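See below for target31.txt, which holds compact mmCIF, C-alpha atoms.
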# COMPACT_ATOMS: atom_id res chain seq x y z
CA MET D 1 -22.49 3.99 0.52
CA THR D 2 -25.59 4.37 -1.57
CA GLN D 3 -26.76 0.77 -1.12
CA LYS D 4 -26.51 -1.97 1.41
CA PRO D 5 -23.22 -3.81 0.85
CA LEU D 6 -23.36 -7.10 -1.05
CA LEU D 7 -20.69 -8.38 1.32
CA GLU D 8 -19.05 -6.91 4.37
CA GLY D 9 -16.44 -7.73 7.01
CA SER D 10 -15.20 -11.31 6.93
CA GLU D 11 -17.71 -12.12 4.15
CA LEU D 12 -15.14 -10.43 1.89
CA PHE D 13 -12.93 -13.48 2.48
CA LYS D 14 -15.15 -15.22 -0.06
CA LEU D 15 -13.78 -12.77 -2.66
CA ILE D 16 -10.16 -12.18 -1.67
CA PRO D 17 -7.39 -14.48 -0.45
CA GLN D 18 -5.75 -11.86 1.82
CA ARG D 19 -6.22 -12.27 5.56
CA ALA D 20 -5.36 -10.29 8.68
CA PRO D 21 -3.25 -8.26 9.15
CA ILE D 22 -3.38 -7.15 5.53
CA VAL D 23 -7.10 -7.01 4.75
CA MET D 24 -7.72 -3.56 3.25
CA VAL D 25 -11.37 -3.83 2.14
CA ASP D 26 -14.36 -4.32 4.39
CA THR D 27 -17.34 -3.60 2.17
CA PHE D 28 -18.23 -4.53 -1.39
CA CYS D 29 -21.26 -3.13 -3.19
CA ASP D 30 -22.80 -2.03 -6.45
CA ALA D 31 -21.07 -4.69 -8.53
CA ASN D 32 -21.83 -5.00 -12.22
CA ASP D 33 -19.78 -6.00 -15.26
CA LEU D 34 -18.15 -2.58 -15.44
CA GLY D 35 -17.06 -2.09 -11.87
CA ALA D 36 -17.95 -1.99 -8.22
CA GLU D 37 -17.78 0.12 -5.11
CA THR D 38 -15.76 -0.89 -2.09
CA GLY D 39 -15.05 0.53 1.32
CA LEU D 40 -12.61 0.50 4.19
CA ASN D 41 -13.08 1.83 7.68
CA ILE D 42 -9.64 2.97 8.82
CA THR D 43 -8.89 1.58 12.26
CA ALA D 44 -5.95 2.43 14.51
CA ASP D 45 -4.65 -1.13 14.36
CA ASN D 46 -4.31 -1.06 10.55
CA ILE D 47 -0.81 -2.34 9.71
CA PHE D 48 -0.29 0.63 7.34
CA CYS D 49 -1.32 3.32 9.85
CA GLN D 50 1.26 5.57 11.44
CA ASP D 51 0.63 8.62 13.65
CA GLY D 52 -3.11 8.29 13.02
CA LEU D 53 -2.82 8.35 9.23
CA LEU D 54 -3.25 5.58 6.68
CA ARG D 55 0.00 5.70 4.73
CA GLU D 56 0.53 5.32 0.97
CA PRO D 57 0.85 1.50 0.87
CA GLY D 58 -2.47 1.17 2.72
CA ILE D 59 -4.23 3.28 0.11
CA ILE D 60 -2.63 1.42 -2.80
CA GLU D 61 -3.32 -1.98 -1.23
CA HIS D 62 -6.94 -0.94 -0.63
CA ILE D 63 -7.26 -0.24 -4.36
CA ALA D 64 -5.52 -3.52 -5.26
CA GLN D 65 -7.79 -5.54 -2.98
CA SER D 66 -10.83 -3.69 -4.30
CA ALA D 67 -9.79 -4.94 -7.73
CA ALA D 68 -9.16 -8.44 -6.32
CA ALA D 69 -12.61 -8.44 -4.74
CA PHE D 70 -14.16 -7.37 -8.02
CA ALA D 71 -12.25 -10.13 -9.84
CA GLY D 72 -13.40 -12.62 -7.22
CA TYR D 73 -17.05 -11.60 -7.30
CA LYS D 74 -18.02 -13.43 -10.48
CA PRO D 75 -16.37 -16.73 -9.45
CA TYR D 76 -18.06 -16.30 -6.04
CA THR D 77 -21.51 -16.01 -7.63
CA GLN D 78 -20.64 -19.25 -9.45
CA GLY D 79 -19.64 -20.96 -6.19
CA GLU D 80 -15.87 -20.88 -6.73
CA GLU D 81 -13.02 -20.03 -4.36
CA PRO D 82 -11.17 -16.71 -4.78
CA LYS D 83 -8.00 -16.86 -6.87
CA LEU D 84 -4.72 -15.20 -5.97
CA GLY D 85 -4.40 -11.85 -7.66
CA PHE D 86 -1.21 -9.87 -7.93
CA ILE D 87 -0.51 -6.27 -8.85
CA GLY D 88 1.38 -6.19 -12.13
CA GLU D 89 1.51 -2.46 -12.60
CA VAL D 90 0.52 0.69 -10.75
CA LYS D 91 0.22 3.80 -12.85
CA LYS D 92 -0.68 7.45 -12.32
CA CYS D 93 -1.31 6.94 -8.64
CA LYS D 94 -1.90 10.38 -7.19
CA ILE D 95 -2.55 10.79 -3.51
CA ALA D 96 -4.19 14.05 -2.52
CA ARG D 97 -3.91 13.47 1.20
CA LEU D 98 -3.47 10.68 3.73
CA PRO D 99 -6.78 9.78 5.41
CA ARG D 100 -7.07 9.62 9.20
CA VAL D 101 -8.06 6.80 11.52
CA GLY D 102 -11.86 6.84 11.74
CA GLU D 103 -12.40 7.95 8.16
CA GLN D 104 -14.47 5.70 5.93
CA LEU D 105 -12.94 5.20 2.51
CA ARG D 106 -15.21 4.38 -0.38
CA THR D 107 -13.77 3.55 -3.72
CA LYS D 108 -15.25 3.57 -7.18
CA LEU D 109 -13.64 0.95 -9.29
CA SER D 110 -14.10 0.63 -13.01
CA VAL D 111 -12.75 -1.95 -15.39
CA VAL D 112 -10.91 -0.30 -18.23
CA GLY D 113 -9.86 -3.50 -19.97
CA GLU D 114 -9.53 -7.22 -19.53
CA ALA D 115 -7.47 -9.79 -21.43
CA ALA D 116 -5.70 -13.08 -20.77
CA GLY D 117 -5.86 -13.03 -17.00
CA VAL D 118 -4.95 -9.34 -16.80
CA THR D 119 -7.51 -6.82 -15.60
CA LEU D 120 -6.88 -3.13 -16.10
CA ILE D 121 -8.76 -1.03 -13.59
CA ALA D 122 -9.14 2.62 -12.74
CA ALA D 123 -10.03 3.66 -9.21
CA GLU D 124 -10.86 6.76 -7.27
CA VAL D 125 -10.83 6.72 -3.50
CA PHE D 126 -13.06 9.11 -1.58
CA SER D 127 -13.63 9.98 2.03
CA ALA D 128 -16.90 11.81 2.62
CA ASP D 129 -16.93 14.09 -0.44
CA SER D 130 -13.23 14.63 -0.85
CA SER D 131 -11.05 12.70 -3.27
CA ILE D 132 -8.18 10.89 -1.55
CA ALA D 133 -6.49 9.20 -4.48
CA THR D 134 -6.77 8.19 -8.11
CA CYS D 135 -4.95 5.27 -9.63
CA GLN D 136 -4.72 2.83 -12.50
CA MET D 137 -3.67 -0.73 -11.96
CA LYS D 138 -3.03 -3.96 -13.81
CA ILE D 139 -3.99 -7.01 -11.81
CA PHE D 140 -2.90 -10.53 -12.73
CA ILE D 141 -5.15 -13.32 -11.61
CA LYS D 142 -3.39 -16.60 -11.05
CA ASN D 143 -5.28 -19.51 -12.56
CA ASP D 144 -4.20 -22.89 -11.28
CA MET J 1 9.89 1.35 9.25
CA LEU J 2 6.13 1.34 8.66
CA VAL J 3 5.69 -2.44 8.70
CA SER J 4 7.92 -3.64 11.50
CA ASN J 5 10.37 -6.44 10.81
CA TYR J 6 9.63 -6.45 7.06
CA TYR J 7 13.27 -6.08 6.03
CA LYS J 8 16.66 -5.05 7.25
CA ILE J 9 19.34 -3.10 5.48
CA ASP J 10 22.60 -5.03 5.56
CA ARG J 11 24.70 -2.34 3.90
CA ARG J 12 24.51 0.47 1.39
CA GLU J 13 26.81 2.08 -1.10
CA CYS J 14 26.70 5.06 -3.42
CA THR J 15 28.47 5.75 -6.69
CA ASP J 16 27.74 8.67 -9.01
CA ASN J 17 24.47 9.49 -7.23
CA VAL J 18 23.21 5.92 -7.57
CA HIS J 19 22.38 4.49 -4.17
CA ARG J 20 22.39 0.75 -3.67
CA PHE J 21 20.86 -0.86 -0.57
CA PHE J 22 21.57 -4.51 0.17
CA ILE J 23 18.52 -5.80 1.97
CA SER J 24 17.36 -8.98 3.69
CA LEU J 25 13.63 -9.72 3.61
CA CYS J 26 12.39 -11.14 6.90
CA PRO J 27 10.22 -14.24 6.40
CA ASP J 28 8.79 -14.03 9.93
CA CYS J 29 7.20 -10.60 9.38
CA GLU J 30 3.57 -10.75 10.48
CA VAL J 31 2.33 -9.48 7.11
CA TYR J 32 2.91 -13.00 5.71
CA LYS J 33 0.24 -14.39 8.02
CA GLY J 34 -2.25 -12.82 5.65
CA HIS J 35 -0.35 -12.50 2.36
CA PHE J 36 -1.08 -15.28 1.84
CA PRO J 37 -1.87 -17.93 4.49
CA GLY J 38 0.59 -20.75 3.83
CA THR J 39 2.00 -18.98 0.75
CA PRO J 40 4.26 -16.08 1.74
CA VAL J 41 4.41 -13.49 -1.06
CA SER J 42 6.01 -10.11 -0.44
CA PRO J 43 3.23 -7.56 -0.94
CA GLY J 44 4.00 -5.21 -3.83
CA VAL J 45 2.96 -2.24 -1.71
CA CYS J 46 5.40 -3.26 1.03
CA ASN J 47 8.19 -3.33 -1.52
CA ILE J 48 7.17 0.11 -2.79
CA GLN J 49 7.19 1.33 0.82
CA MET J 50 10.65 -0.22 1.33
CA VAL J 51 11.94 1.76 -1.67
CA LYS J 52 10.39 4.92 -0.24
CA GLU J 53 12.05 4.34 3.12
CA CYS J 54 15.42 3.91 1.38
CA ALA J 55 14.79 7.22 -0.41
CA GLU J 56 14.04 8.83 2.96
CA GLN J 57 17.40 7.62 4.22
CA VAL J 58 19.12 9.19 1.22
CA VAL J 59 17.51 12.63 1.65
CA GLY J 60 17.41 12.43 5.45
CA LYS J 61 13.75 13.50 5.61
CA GLN J 62 10.29 11.99 5.98
CA LEU J 63 8.62 11.98 2.59
CA LEU J 64 5.14 11.63 1.15
CA MET J 65 4.87 9.71 -2.11
CA ASN J 66 2.05 11.73 -3.61
CA ASN J 67 2.62 10.66 -7.20
CA LEU J 68 3.56 7.12 -8.10
CA GLN J 69 3.84 7.66 -11.83
CA LEU J 70 4.63 4.09 -12.75
CA CYS J 71 5.53 0.91 -10.96
CA ARG J 72 6.01 -2.38 -12.79
CA LEU J 73 6.12 -5.53 -10.71
CA THR J 74 7.62 -8.10 -13.04
CA THR J 75 8.53 -10.91 -10.65
CA LEU J 76 6.66 -12.27 -7.66
CA VAL J 77 9.02 -11.71 -4.75
CA THR J 78 8.91 -14.04 -1.78
CA PRO J 79 11.07 -13.94 1.35
CA ILE J 80 11.84 -17.62 0.81
CA GLU J 81 12.95 -17.48 -2.84
CA HIS J 82 14.39 -13.95 -2.59
CA PRO J 83 15.83 -13.61 0.93
CA GLN J 84 18.31 -11.00 -0.30
CA VAL J 85 17.38 -8.16 -2.64
CA GLU J 86 18.96 -4.92 -3.76
CA VAL J 87 17.18 -1.57 -3.93
CA VAL J 88 18.87 0.72 -6.45
CA LEU J 89 17.72 4.31 -6.62
CA SER J 90 18.55 7.79 -7.79
CA ILE J 91 16.90 11.02 -6.69
CA GLU J 92 16.81 14.38 -8.36
CA GLN J 93 15.46 17.33 -6.42
CA ILE J 94 13.61 19.99 -8.42
CA ASP J 95 12.29 22.76 -6.17
CA ASP J 96 10.16 21.01 -3.53
CA VAL J 97 9.83 17.74 -5.44
CA TYR J 98 12.08 14.72 -5.21
CA LYS J 99 12.03 12.75 -8.46
CA LEU J 100 12.78 9.14 -7.71
CA LYS J 101 13.78 6.33 -10.04
CA ALA J 102 14.26 2.99 -8.40
CA SER J 103 14.33 -0.73 -8.84
CA ILE J 104 14.35 -3.85 -6.74
CA GLY J 105 16.30 -6.82 -8.02
CA LYS J 106 19.32 -8.97 -7.46
CA GLY J 107 22.36 -8.69 -9.69
CA GLU J 108 21.07 -8.63 -13.26
CA ASP J 109 17.54 -9.68 -12.34
CA LYS J 110 14.87 -7.00 -11.90
CA TYR J 111 11.74 -7.64 -9.86
CA LEU J 112 10.25 -4.16 -9.68
CA ASP J 113 10.96 -0.80 -11.23
CA MET J 114 9.30 2.47 -10.42
CA LYS J 115 9.22 6.18 -11.00
CA ALA J 116 7.68 8.50 -8.45
CA GLU J 117 7.53 12.02 -7.10
CA LEU J 118 7.83 12.66 -3.40
CA VAL J 119 7.52 15.75 -1.25
CA ASN J 120 8.48 16.62 2.29
CA GLN J 121 5.97 15.39 4.79
CA ASP J 122 4.31 18.22 6.68

Let's see the structure in the file written out as structure tokens.
Amino acid sequence: MTQKPLLEGSELFKLIPQRAPIVMVDTFCDANDLGAETGLNITADNIFCQDGLLREPGIIEHIAQSAAAFAGYKPYTQGEEPKLGFIGEVKKCKIARLPRVGEQLRTKLSVVGEAAGVTLIAAEVFSADSSIATCQMKIFIKND
Amino acid sequence: MLVSNYYKIDRRECTDNVHRFFISLCPDCEVYKGHFPGTPVSPGVCNIQMVKECAEQVVGKQLLMNNLQLCRLTTLVTPIEHPQVEVVLSIEQIDDVYKLKASIGKGEDKYLDMKAELVNQD
């Protein structure tokens, strides 16, 4: 991380509605209108870990919740509760390798488009200097 | 099964290389404690994983889904409203790559469809 996180640990609950055992982001930083950076420390008790590796759904959920956190950040700064966000589409999700327990994921998220409650994001997940995964995603935010 | 007690396969059938798994989603899976508190919604990634595990049963090997080309999630699936679902899939092997096409639905209704490439897990 280049900067001190804006939010970390359970503070993220102000941005996302997910709770244990399926919380897949633990840091949120560098937010601006175009994107943000998030992180996840992979622990052995992660529900998506098997044989010491974070499996595919953990990586994809980490990206989805990174997008949810980004979507929740603006309402949060305006004093609102996080809204439920759902993955509508996952596209071109390439996983270079499965990261190990103890690795620290950091993810660069950028907004590619936004319209009518749908946010189109692109993400790249890194660990140290190596790329773990790239992905595009459509996230629907439920307004009610 | 990666997420324990997420689903169970009631039966499966295969015609013309199309594999159909009849599945029950388990509402008491611990994932619903957090997704979302008081509002159980089947996580899209868990459904993708369920499809992958069905594919592993078909090929009889542990696989890595290293390229999820496209996955559309068109209906919110919940274990309460959708206690029974069907995973329908076909796999074509080209060299070391398994090309998977799959959907989750019930009868005529489709909740998710996806296209992915998988390889043998080292």

Point to revise | Atomic distance atom CA of J:Asp109 - atom CA of J:Gly44, expressed in Å with one decimal | key: 16.6 Å

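The closest residue to chain J, picked from D:Leu54, D:Leu12, D:Leu109, D:Ala20 and counting all atoms listed in the file, is D:Ala20.
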
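Contact shell of J:Pro83 at 9 Å (all atoms listed in the file; same-chain neighbours under 5 positions omitted): Ile23, Ser24, Leu25, Cys26, Pro27 and Thr78 of chain J.
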
Residues within 6 Å of D:Glu37, all atoms listed in the file, excluding chain neighbours under 4 positions, as a PDB file with C-alpha atoms, keeping the file's coordinate frame:
ATOM      1  CA  PHE D  28     -18.230  -4.530  -1.390  1.00  0.00           C
ATOM      2  CA  CYS D  29     -21.260  -3.130  -3.190  1.00  0.00           C
ATOM      3  CA  ASP D  30     -22.800  -2.030  -6.450  1.00  0.00           C
ATOM      4  CA  THR D 107     -13.770   3.550  -3.720  1.00  0.00           C
ATOM      5  CA  LYS D 108     -15.250   3.570  -7.180  1.00  0.00           C
ATOM      6  CA  LEU D 109     -13.640   0.950  -9.290  1.00  0.00           C
TER       7      LEU D 109
END

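The shortest atom-to-atom distance to J:Cys46, with all atoms listed in the file taken into account, belongs to J:Leu2 out of J:Leu2, J:Met65, J:Ile91, J:Val85.
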
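Across J:Ile94, J:Val59, J:Leu73, J:Cys14, the tightest approach to chain D is made by J:Leu73 when counting all atoms listed in the file.
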
Exercise for review: For chain J, work out the contacting residues on chain D at 10 Å, counting all atoms listed in the file, and write them as JSON, numbers by chain.
Suggested key: {"D": [17, 18, 19, 20, 21, 22, 23, 47, 48, 49, 50, 55, 56, 57, 58, 59, 60, 61, 64, 84, 86, 87, 88, 89, 90, 91, 92, 93, 94, 95, 96, 97, 98, 133, 134, 135, 136, 137, 138]}

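Within the 9 Å cut-off around D:Leu15, using all atoms listed in the file and omitting residues fewer than 4 positions from it on the same chain, the listed residues are Glu11, Ala68, Ala69, Phe70, Ala71, Gly72, Tyr73, Lys74, Pro75, Tyr76, Glu81, Pro82 and Lys83 of chain D.
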
Point to revise | Spatial neighbours of J:Ala55, max dist 9 Å, all atoms listed in the file, sep filter under 2 positions, as a PyMOL selection string | key: chain J and resi 19+50-53+57-61+63+89-91+100

Revision key, fill the gap. re atom CA of D:Phe126 and atom CA of D:Ala36: distance 13.8 Å

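Atom CA of D:Leu53 is positioned 12.3 Å from atom CA of D:Ile132.
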